[in-house]
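*Asks:* See run.cif below, with mmCIF, C-alpha atoms.
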```
data_my_file
loop_
_atom_site.label_atom_id
_atom_site.label_comp_id
_atom_site.auth_asym_id
_atom_site.auth_seq_id
_atom_site.Cartn_x
_atom_site.Cartn_y
_atom_site.Cartn_z
CA MET A 1 0.00 0.00 0.00
CA LYS A 2 2.85 2.39 0.90
CA PHE A 3 4.45 1.59 -2.46
CA ARG A 4 1.29 2.55 -4.40
CA ILE A 5 0.88 5.77 -2.39
CA THR A 6 4.50 6.72 -3.04
CA LEU A 7 4.11 6.01 -6.75
CA PHE A 8 0.89 8.04 -6.88
CA LEU A 9 2.45 11.03 -5.11
CA LEU A 10 5.47 11.00 -7.39
CA MET A 11 3.36 10.78 -10.52
CA PHE A 12 1.01 13.50 -9.17
CA ALA A 13 3.97 15.74 -8.42
CA LYS A 14 5.29 15.18 -11.93
CA LEU A 15 1.93 15.94 -13.50
CA ASP A 16 1.52 19.04 -11.34
CA LEU A 17 4.91 20.32 -12.44
CA THR A 18 4.46 19.58 -16.11
CA ASN A 19 0.79 20.40 -16.57
CA GLY A 20 0.45 23.64 -14.58
CA GLU A 21 -0.57 26.85 -16.23
CA THR A 22 2.85 28.46 -15.65
CA GLN A 23 6.35 27.04 -16.00
CA PRO A 24 9.59 28.20 -14.37
CA THR A 25 11.54 30.71 -16.40
CA GLY A 26 14.95 32.24 -16.42
CA GLY A 27 17.49 30.89 -13.95
CA CYS A 28 15.01 28.43 -12.43
CA GLY A 29 14.66 26.47 -15.67
CA PHE A 30 17.65 24.20 -15.14
CA GLY A 31 16.58 23.30 -11.59
CA TYR A 32 13.07 22.56 -12.84
CA GLU A 33 14.35 20.29 -15.61
CA LEU A 34 16.65 18.52 -13.17
CA MET A 35 13.72 17.91 -10.79
CA ILE A 36 11.58 16.47 -13.61
CA ALA A 37 14.42 14.19 -14.75
CA LYS A 38 14.87 12.87 -11.21
CA LEU A 39 11.13 12.26 -10.79
CA GLU A 40 10.98 10.40 -14.09
CA SER A 41 13.95 8.24 -13.06
CA ILE A 42 12.28 7.37 -9.74
CA GLU A 43 8.99 6.65 -11.52
CA GLU A 44 10.74 4.25 -13.93
CA ARG A 45 12.27 2.32 -11.03
CA LEU A 46 9.02 2.14 -9.07
CA LEU A 47 7.08 0.90 -12.11
CA ALA A 48 9.68 -1.78 -12.73
CA MET A 49 9.40 -2.84 -9.07
CA GLU A 50 5.59 -2.94 -9.36
CA ALA A 51 5.78 -5.16 -12.43
CA LYS A 52 8.15 -7.54 -10.68
CA LEU A 53 5.90 -7.68 -7.60
CA GLN A 54 2.86 -8.45 -9.77
CA ASN A 55 4.75 -11.27 -11.47
CA VAL A 56 5.80 -12.74 -8.11
CA CYS A 57 2.18 -12.69 -6.92
CA THR A 58 0.85 -14.52 -9.98
CA GLU A 59 3.57 -17.08 -10.64
CA GLU A 60 4.02 -20.30 -8.72
CA THR A 61 6.66 -20.09 -6.01
CA ALA A 62 9.82 -21.88 -7.15
CA LYS A 63 10.87 -24.88 -5.12
CA GLU A 64 13.76 -24.03 -2.86
CA MET A 65 16.78 -26.19 -3.50
CA LYS A 66 19.07 -26.65 -0.53
CA VAL A 67 22.73 -27.40 -1.19
CA ALA A 68 24.58 -29.53 1.35
CA LEU A 69 27.78 -31.48 1.38
CA PRO A 70 27.11 -35.07 0.30
CA THR A 71 27.66 -38.07 2.49
CA HIS A 72 28.58 -41.61 1.56
CA GLU A 73 24.85 -42.40 1.74
CA SER A 74 24.18 -40.02 -1.19
CA ASP A 75 21.98 -41.42 -3.95
CA GLU A 76 23.73 -39.34 -6.62
CA SER A 77 27.10 -40.45 -7.95
CA ASP A 78 29.08 -40.36 -11.15
CA ALA A 79 30.24 -43.35 -13.12
CA SER A 80 33.33 -43.74 -10.94
CA GLY A 81 31.35 -43.83 -7.74
CA ASP A 82 32.37 -40.33 -6.72
CA GLU A 83 29.58 -38.53 -4.98
CA ILE A 84 28.23 -35.34 -6.54
CA MET A 85 26.82 -32.18 -5.01
CA VAL A 86 24.63 -30.37 -7.55
CA SER A 87 23.20 -26.89 -7.22
CA THR A 88 20.37 -25.82 -9.53
CA ILE A 89 21.01 -22.14 -8.88
CA ASP A 90 21.21 -20.03 -12.03
CA PRO A 91 23.78 -18.98 -13.34
CA PRO A 92 25.73 -22.23 -13.67
CA THR A 93 27.33 -23.13 -10.38
CA THR A 94 30.05 -25.33 -8.98
CA VAL A 95 29.81 -29.08 -8.69
CA ALA A 96 32.16 -30.79 -6.26
CA PHE A 97 33.14 -34.44 -6.72
CA PHE A 98 34.17 -36.25 -3.55
CA ASP A 99 35.94 -39.52 -2.90
CA GLN A 100 37.92 -40.82 0.07
CA THR A 101 41.18 -39.14 -0.86
CA THR A 102 40.54 -36.15 -3.11
CA VAL A 103 38.21 -33.27 -3.66
CA ARG A 104 38.09 -31.78 -7.14
CA THR A 105 35.97 -28.88 -8.34
CA VAL A 106 34.60 -28.39 -11.83
CA HIS A 107 32.37 -25.77 -13.40
CA ARG A 108 28.96 -27.18 -14.29
CA PHE A 109 27.00 -25.73 -17.22
CA LYS A 110 23.34 -26.37 -17.78
CA ALA A 111 22.32 -28.51 -20.75
CA GLU A 112 20.71 -25.37 -22.18
CA SER A 113 22.37 -21.99 -21.61
CA THR A 114 18.99 -20.38 -20.95
CA PRO A 115 15.59 -21.96 -20.36
CA LYS A 116 13.00 -21.54 -23.09
CA TYR A 117 9.66 -19.99 -22.37
CA PRO A 118 6.79 -20.50 -22.19
CA VAL A 119 7.26 -23.54 -20.00
CA GLY A 120 6.48 -26.75 -21.86
CA ILE A 121 7.56 -25.56 -25.29
CA GLU A 122 10.66 -27.76 -25.34
CA PRO A 123 10.02 -31.37 -26.37
CA THR A 124 10.65 -34.18 -23.92
CA ALA A 125 12.92 -37.12 -24.65
CA GLU A 126 9.84 -39.35 -24.77
CA GLN A 127 8.26 -37.18 -27.45
CA LEU A 128 11.39 -37.15 -29.59
CA ALA A 129 11.79 -40.92 -29.23
CA VAL A 130 8.56 -41.45 -31.14
CA GLY A 131 10.24 -40.10 -34.27
CA GLU A 132 9.13 -38.02 -37.22
CA ASP A 133 5.64 -39.51 -37.24
CA SER A 134 4.80 -37.36 -34.21
CA ILE A 135 6.19 -34.11 -35.68
CA TYR A 136 4.07 -31.87 -37.92
CA SER A 137 4.89 -28.88 -40.09
CA SER A 138 1.90 -26.87 -38.81
CA CYS A 139 -1.23 -27.20 -36.70
CA ARG A 140 -3.16 -27.48 -39.98
CA GLU A 141 -1.41 -30.79 -40.63
CA VAL A 142 -2.39 -32.35 -37.29
CA PRO A 143 -5.06 -35.05 -37.91
CA SER A 144 -6.63 -34.72 -34.45
CA ARG A 145 -9.58 -32.45 -33.77
CA VAL A 146 -8.72 -32.13 -30.08
CA SER A 147 -7.09 -28.88 -28.96
CA LYS A 148 -3.82 -29.68 -27.21
CA LYS A 149 -0.02 -29.51 -27.56
CA PHE A 150 1.65 -31.03 -30.61
CA LEU A 151 5.24 -31.12 -31.81
CA ILE A 152 5.62 -28.64 -34.68
CA ARG A 153 8.70 -27.94 -36.80
CA ILE A 154 8.14 -24.33 -37.83
CA SER A 155 10.84 -24.40 -40.54
CA ALA A 156 12.77 -27.08 -42.39
CA ASP A 157 15.97 -26.57 -40.39
CA ALA A 158 14.37 -25.86 -37.01
CA GLN A 159 14.19 -28.13 -34.00
CA PRO A 160 10.61 -29.22 -33.24
CA ILE A 161 8.82 -27.43 -30.40
CA ASN A 162 5.56 -27.95 -28.60
CA LEU A 163 2.81 -25.58 -29.68
CA LEU A 164 -0.79 -25.39 -28.51
CA CYS A 165 -3.00 -26.16 -31.50
CA ASP A 166 -6.57 -24.89 -31.33
CA MET A 167 -8.82 -27.24 -33.26
CA ASN A 168 -12.34 -26.19 -32.41
CA SER A 169 -12.74 -22.56 -31.25
CA VAL A 170 -13.99 -21.55 -34.71
CA ASP A 171 -12.32 -23.95 -37.10
CA ALA A 172 -9.20 -26.14 -37.00
CA GLY A 173 -5.46 -25.69 -37.31
CA TRP A 174 -4.61 -22.55 -35.32
CA ILE A 175 -1.36 -21.92 -33.42
CA VAL A 176 -2.20 -20.23 -30.11
CA VAL A 177 0.18 -17.32 -29.42
CA GLN A 178 -1.70 -15.84 -26.46
CA ASN A 179 -3.94 -17.67 -24.01
CA ARG A 180 -5.74 -16.09 -21.05
CA PHE A 181 -8.59 -17.55 -19.04
CA ASN A 182 -8.13 -17.16 -15.27
CA GLY A 183 -5.70 -14.32 -14.49
CA SER A 184 -3.04 -16.63 -13.05
CA GLU A 185 -0.28 -15.06 -15.18
CA SER A 186 0.69 -11.39 -15.06
CA PHE A 187 0.86 -9.80 -18.52
CA TYR A 188 2.37 -6.54 -17.27
CA ARG A 189 5.82 -7.65 -18.35
CA SER A 190 9.13 -6.33 -19.64
CA TRP A 191 10.31 -6.17 -23.24
CA LYS A 192 12.58 -9.15 -22.62
CA ASP A 193 9.63 -11.26 -21.44
CA TYR A 194 7.40 -10.30 -24.36
CA GLU A 195 10.19 -11.01 -26.82
CA ALA A 196 11.11 -14.43 -25.40
CA GLY A 197 7.65 -15.52 -24.23
CA PHE A 198 6.36 -16.32 -20.75
CA GLY A 199 3.85 -18.43 -18.87
CA ASN A 200 3.09 -22.11 -19.38
CA LEU A 201 1.61 -23.91 -22.40
CA ASP A 202 -0.62 -25.81 -19.98
CA GLY A 203 -1.98 -22.55 -18.59
CA GLU A 204 -1.85 -18.88 -19.51
CA PHE A 205 1.00 -17.80 -21.76
CA TRP A 206 2.45 -15.49 -24.40
CA LEU A 207 4.39 -17.37 -27.10
CA GLY A 208 7.02 -14.67 -27.67
CA LEU A 209 7.42 -11.93 -30.29
CA GLU A 210 10.65 -13.35 -31.65
CA ARG A 211 9.11 -16.78 -32.19
CA ILE A 212 5.89 -15.37 -33.72
CA SER A 213 7.90 -13.15 -36.06
CA THR A 214 10.07 -16.07 -37.19
CA MET A 215 6.99 -18.12 -38.04
CA VAL A 216 5.09 -15.48 -40.00
CA ASN A 217 8.15 -14.40 -41.96
CA ASN A 218 8.69 -17.81 -43.55
CA GLY A 219 7.63 -16.66 -47.03
CA ARG A 220 4.02 -17.79 -46.75
CA GLN A 221 0.83 -15.84 -46.07
CA TRP A 222 -0.63 -15.97 -42.58
CA GLU A 223 -3.95 -15.08 -41.00
CA ILE A 224 -4.81 -14.14 -37.42
CA MET A 225 -7.86 -14.66 -35.21
CA PHE A 226 -8.87 -13.11 -31.89
CA TRP A 227 -11.19 -15.41 -29.90
CA LEU A 228 -12.92 -13.59 -27.05
CA LYS A 229 -15.22 -14.40 -24.13
CA ASN A 230 -16.66 -11.90 -21.65
CA PHE A 231 -17.83 -12.52 -18.10
CA GLN A 232 -21.45 -12.79 -19.25
CA GLY A 233 -20.49 -15.91 -21.22
CA LEU A 234 -20.70 -14.26 -24.66
CA VAL A 235 -18.19 -15.73 -27.13
CA GLN A 236 -17.21 -13.83 -30.29
CA TYR A 237 -14.29 -13.72 -32.68
CA SER A 238 -12.52 -11.48 -35.17
CA LYS A 239 -10.56 -13.03 -38.03
CA PHE A 240 -8.21 -11.32 -40.50
CA THR A 241 -7.03 -13.27 -43.52
CA LYS A 242 -3.81 -11.30 -43.91
CA PHE A 243 -1.36 -10.83 -41.05
CA SER A 244 2.27 -9.75 -41.04
CA LEU A 245 4.65 -8.75 -38.27
CA GLY A 246 8.06 -7.08 -38.30
CA ASN A 247 11.25 -8.55 -36.86
CA ALA A 248 13.33 -7.49 -33.85
CA THR A 249 15.12 -4.74 -35.79
CA GLU A 250 11.72 -3.33 -36.75
CA LEU A 251 10.58 -3.55 -33.10
CA TYR A 252 7.94 -6.11 -34.10
CA ILE A 253 5.80 -3.57 -35.90
CA LEU A 254 2.27 -4.75 -36.69
CA LYS A 255 2.47 -4.47 -40.46
CA GLN A 256 -0.85 -5.82 -41.64
CA THR A 257 -4.22 -7.23 -40.58
CA GLY A 258 -7.20 -7.61 -42.87
CA PRO A 259 -9.68 -8.08 -44.37
CA TYR A 260 -11.99 -8.64 -41.41
CA ALA A 261 -14.56 -11.39 -40.80
CA GLY A 262 -16.40 -12.39 -37.64
CA ASN A 263 -18.81 -10.97 -35.07
CA ALA A 264 -16.61 -9.16 -32.51
CA GLY A 265 -15.81 -6.18 -34.73
CA ASP A 266 -12.45 -4.77 -35.79
CA SER A 267 -10.48 -3.42 -32.84
CA ILE A 268 -7.02 -4.07 -34.28
CA THR A 269 -6.75 -2.25 -37.63
CA ARG A 270 -6.15 1.10 -35.94
CA HIS A 271 -3.10 -0.47 -34.28
CA VAL A 272 -1.55 -1.44 -37.63
CA GLY A 273 1.66 0.45 -38.38
CA ASN A 274 2.68 0.68 -34.73
CA LYS A 275 5.61 -0.97 -32.97
CA PHE A 276 5.29 -3.08 -29.86
CA THR A 277 5.56 -1.23 -26.54
CA THR A 278 6.18 -2.41 -22.98
CA TYR A 279 6.63 -0.43 -19.77
CA ASP A 280 10.41 -0.43 -20.25
CA ARG A 281 10.46 0.08 -24.06
CA ASP A 282 8.32 3.00 -25.21
CA ASN A 283 7.87 2.62 -28.99
CA ASP A 284 4.37 4.07 -29.32
CA PRO A 285 3.55 7.46 -30.92
CA ALA A 286 1.67 8.81 -27.89
CA PRO A 287 3.34 11.57 -25.81
CA TYR A 288 3.52 9.13 -22.86
CA ASN A 289 4.14 5.40 -22.42
CA CYS A 290 0.87 3.61 -23.22
CA ALA A 291 2.05 0.35 -21.66
CA LYS A 292 2.47 2.09 -18.31
CA LYS A 293 -0.88 3.83 -18.58
CA HIS A 294 -2.80 0.72 -19.64
CA ARG A 295 -0.69 -1.89 -17.80
CA GLY A 296 0.07 -4.23 -20.67
CA GLY A 297 2.19 -4.78 -23.76
CA TRP A 298 0.68 -4.05 -27.19
CA TRP A 299 0.93 -2.25 -30.52
CA TYR A 300 -0.39 0.98 -29.01
CA HIS A 301 -1.43 3.83 -31.34
CA ASN A 302 -1.39 7.61 -30.86
CA THR A 303 -4.23 7.53 -28.31
CA CYS A 304 -3.10 4.10 -27.07
CA ILE A 305 -5.96 1.61 -27.31
CA SER A 306 -8.78 0.31 -29.41
CA SER A 307 -7.86 -3.10 -27.98
CA ASN A 308 -5.64 -4.15 -25.08
CA LEU A 309 -5.82 -7.93 -24.77
CA ASN A 310 -2.66 -8.04 -22.65
CA GLY A 311 -4.07 -5.56 -20.12
CA VAL A 312 -5.06 -6.26 -16.52
CA TYR A 313 -7.23 -9.34 -16.09
CA GLY A 314 -10.58 -9.02 -14.33
CA TYR A 315 -14.18 -7.92 -14.62
CA THR A 316 -13.66 -4.17 -14.70
CA ALA A 317 -14.36 -1.20 -16.93
CA SER A 318 -10.94 0.32 -16.19
CA ASP A 319 -8.79 1.72 -19.01
CA GLN A 320 -6.20 -0.83 -17.87
CA SER A 321 -8.45 -3.85 -18.40
CA ASN A 322 -7.98 -6.48 -21.09
CA ARG A 323 -10.41 -5.36 -23.76
CA TRP A 324 -11.67 -5.44 -27.34
CA ASP A 325 -13.68 -2.26 -27.76
CA THR A 326 -15.87 -3.32 -30.71
CA MET A 327 -17.17 -6.45 -28.96
CA LYS A 328 -20.81 -5.77 -28.11
CA PRO A 329 -22.52 -5.36 -25.76
CA GLN A 330 -19.42 -5.53 -23.58
CA GLY A 331 -15.83 -5.99 -24.66
CA TYR A 332 -13.86 -4.92 -21.59
CA GLY A 333 -12.65 -6.98 -18.67
CA LEU A 334 -12.70 -10.19 -20.71
CA GLN A 335 -12.89 -13.57 -19.02
CA ALA A 336 -10.87 -15.29 -21.74
CA SER A 337 -9.00 -14.54 -24.92
CA ARG A 338 -6.93 -16.41 -27.44
CA ILE A 339 -4.81 -14.87 -30.17
CA MET A 340 -4.14 -17.44 -32.90
CA ILE A 341 -2.30 -17.52 -36.21
CA ARG A 342 -2.46 -19.94 -39.12
CA GLU A 343 -0.84 -20.39 -42.52
CA VAL A 344 -3.18 -19.73 -45.41
CA TRP A 345 -3.51 -22.72 -47.74
#
```
Can the structure from this file be put into structure tokens for me?

*Replies:*
Amino acid sequence: MKFRITLFLLMFAKLDLTNGETQPTGGCGFGYELMIAKLESIEERLLAMEAKLQNVCTEETAKEMKVALPTHESDESDASGDEIMVSTIDPPTTVAFFDQTTVRTVHRFKAESTPKYPVGIEPTAEQLAVGEDSIYSSCREVPSRVSKKFLIRISADAQPINLLCDMNSVDAGWIVVQNRFNGSESFYRSWKDYEAGFGNLDGEFWLGLERISTMVNNGRQWEIMFWLKNFQGLVQYSKFTKFSLGNATELYILKQTGPYAGNAGDSITRHVGNKFTTYDRDNDPAPYNCAKKHRGGWWYHNTCISSNLNGVYGYTASDQSNRWDTMKPQGYGLQASRIMIREVW
């Protein structure tokens, strides 16, 4: 509570200084500018802390791993019988090998330098053991009509990954790139998180801008669908048969959506031509950071939102809520949403 009050007072002080009818002149100008710069710096830090606190509150608490010197009763040993003490702390830590006469220390590196998100996207050994018969080139190729995870190889030279294939929301063969349905995952995240992906394929998640961009820039035409459900139980969708997205250098600009079909209306076209913005990377054309104002990450336009599907979850009419403005009679504070893409035949 103290944190929110402090943040409010700082932001109010900033607004009071910048939006008043008169501004300092003459010799006071430098001191005024210095004060504003300091307030903005403090605001940035407090917002980053708030985002981290929200993420801690919505994510499962990690299991605490205790590191202790091994004994001769240890169940873990290497091929020579030497006992091993393993720490799972990240970054890679030290592993000590013990026998009766010597102690030697080596540097242990993880099998993967960094974990891949969302959780569950990496295939298991059991999945890979089945062979190529269990790997598909797209969700369209999957013969099942049950929505679940399947191994997909998104390009000829890529390693297969698990993707959630939606087979029955409207029609079949969609790759789910955003899934929200219970508010268990915070979507007020950093640029790094939105680029890499976050969440869990078995729950709420964002697939990752880098991964989405790689898929849709494979030389084929793609389409996109927004599946929406409000707290009154109304389900609607908006589909666009042309969809293109920029790469990292282009700051994942939303290049194209259209033409429209569906019953939820078009709340995305006004966002076309805008780069992706998060609270720590302001790429929108508004005179302020739209991600901070609307507590999400999106392709915000000059007045920020016509849609904000990565906004705050919950049944609320707030400007910060997850919303699709053209959904009638109510398109704010959505109970569930899925953003899905699919190759056009």

*Asks:* Please return as an MDAnalysis selection string every residue within 9 Å of (-12.4, -4.3, -34.8), taking into account all atoms listed in the file and the file's own coordinates.

*Replies:* chainID A and resid 238 260 264:270 306:307 324:327

*Asks:* Please compute the atom CA of Gly314 of chain A-atom CA of Tyr279 of chain A distance, one decimal, in Å.

*Replies:* 20.0 Å

*Asks:* Given the file above and the PyMOL selection byres ((chain A and resi 181-197) around 9), which residues are selected, and can you give them as an NGL selection string?

*Replies:* :A and (48 or 51-52 or 54-59 or 116-118 or 179-180 or 198-200 or 203-211 or 229 or 248 or 276-281 or 291-292 or 295-297 or 310-314 or 334-338)

*Asks:* State, in Å with one decimal place, the distance from atom CA of Ile341 of chain A to atom CA of Ile175 of chain A.

*Replies:*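 Rounded to one decimal, the two atoms are 5.3 Å apart.
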
*Asks:* Can you measure atom CA of Asp284 of chain A to atom CA of Asn302 of chain A for me? One decimal in Å is fine.

*Replies:*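 So the two atoms, atom CA of Asp284 of chain A and atom CA of Asn302 of chain A, lie 6.9 Å apart.
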
*Asks:* Compare A:Ile154, A:Ile161, A:Asn322, A:Cys139 by their minimum atom-to-atom distance to Thr124 of chain A, counting all atoms listed in the file, and give me the closest one.

*Replies:* A:Ile161

*Asks:* Compile the contact shell of Pro123 of chain A as a ChimeraX atom specification: residues with an atom at most 8 Å away, counting only C-alpha atoms, same-chain residues fewer than 5 positions apart removed.

*Replies:* /A:128,151,160-162

*Asks:* Determine the nearest neighbour of Gly120 of chain A from the options A:Asn289, A:Val146, A:Leu164, A:Val344, counting only C-alpha atoms.

*Replies:*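 The closest residue to Gly120 of chain A is A:Leu164.
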
*Asks:* Tell me which of A:Asn168, A:Ser321, A:Thr257, A:Gln330 sits closest to Phe240 of chain A, counting only C-alpha atoms.

*Replies:*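 Under the stated criterion, the closest residue is A:Thr257.
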
*Asks:* Quick one: everything within 9 Å of Val216 of chain A, counting all atoms listed in the file, minus sequence neighbours fewer than 5 positions away in the same chain. Send it as an mmCIF file with C-alpha atoms, in the coordinates of the input.

*Replies:*
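Writing done, so here's part04.cif:
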```cif
data_model
loop_
_atom_site.group_PDB
_atom_site.id
_atom_site.type_symbol
_atom_site.label_atom_id
_atom_site.label_comp_id
_atom_site.auth_asym_id
_atom_site.auth_seq_id
_atom_site.Cartn_x
_atom_site.Cartn_y
_atom_site.Cartn_z
ATOM 1 C CA ARG A 211 9.110 -16.780 -32.190
ATOM 2 C CA GLN A 221 0.830 -15.840 -46.070
ATOM 3 C CA TRP A 222 -0.630 -15.970 -42.580
ATOM 4 C CA PHE A 243 -1.360 -10.830 -41.050
ATOM 5 C CA SER A 244 2.270 -9.750 -41.040
ATOM 6 C CA LEU A 245 4.650 -8.750 -38.270
ATOM 7 C CA ILE A 341 -2.300 -17.520 -36.210
ATOM 8 C CA ARG A 342 -2.460 -19.940 -39.120
ATOM 9 C CA GLU A 343 -0.840 -20.390 -42.520
#
```

*Asks:* Would you mind telling me which residue in A:Ser155, A:Thr303, A:Asn230, A:Thr214 lies nearest to Tyr288 of chain A when using all atoms listed in the file?

*Replies:*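 Selected residue with least distance to Tyr288 of chain A: A:Thr303.
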
*Asks:* Run the PyMOL selection byres ((chain A and resi 174) around 12) on the file and write out the hits as a VMD selection string.

*Replies:* chain A and resid 138 to 142 145 to 150 152 163 to 173 175 to 178 222 to 227 239 338 to 344
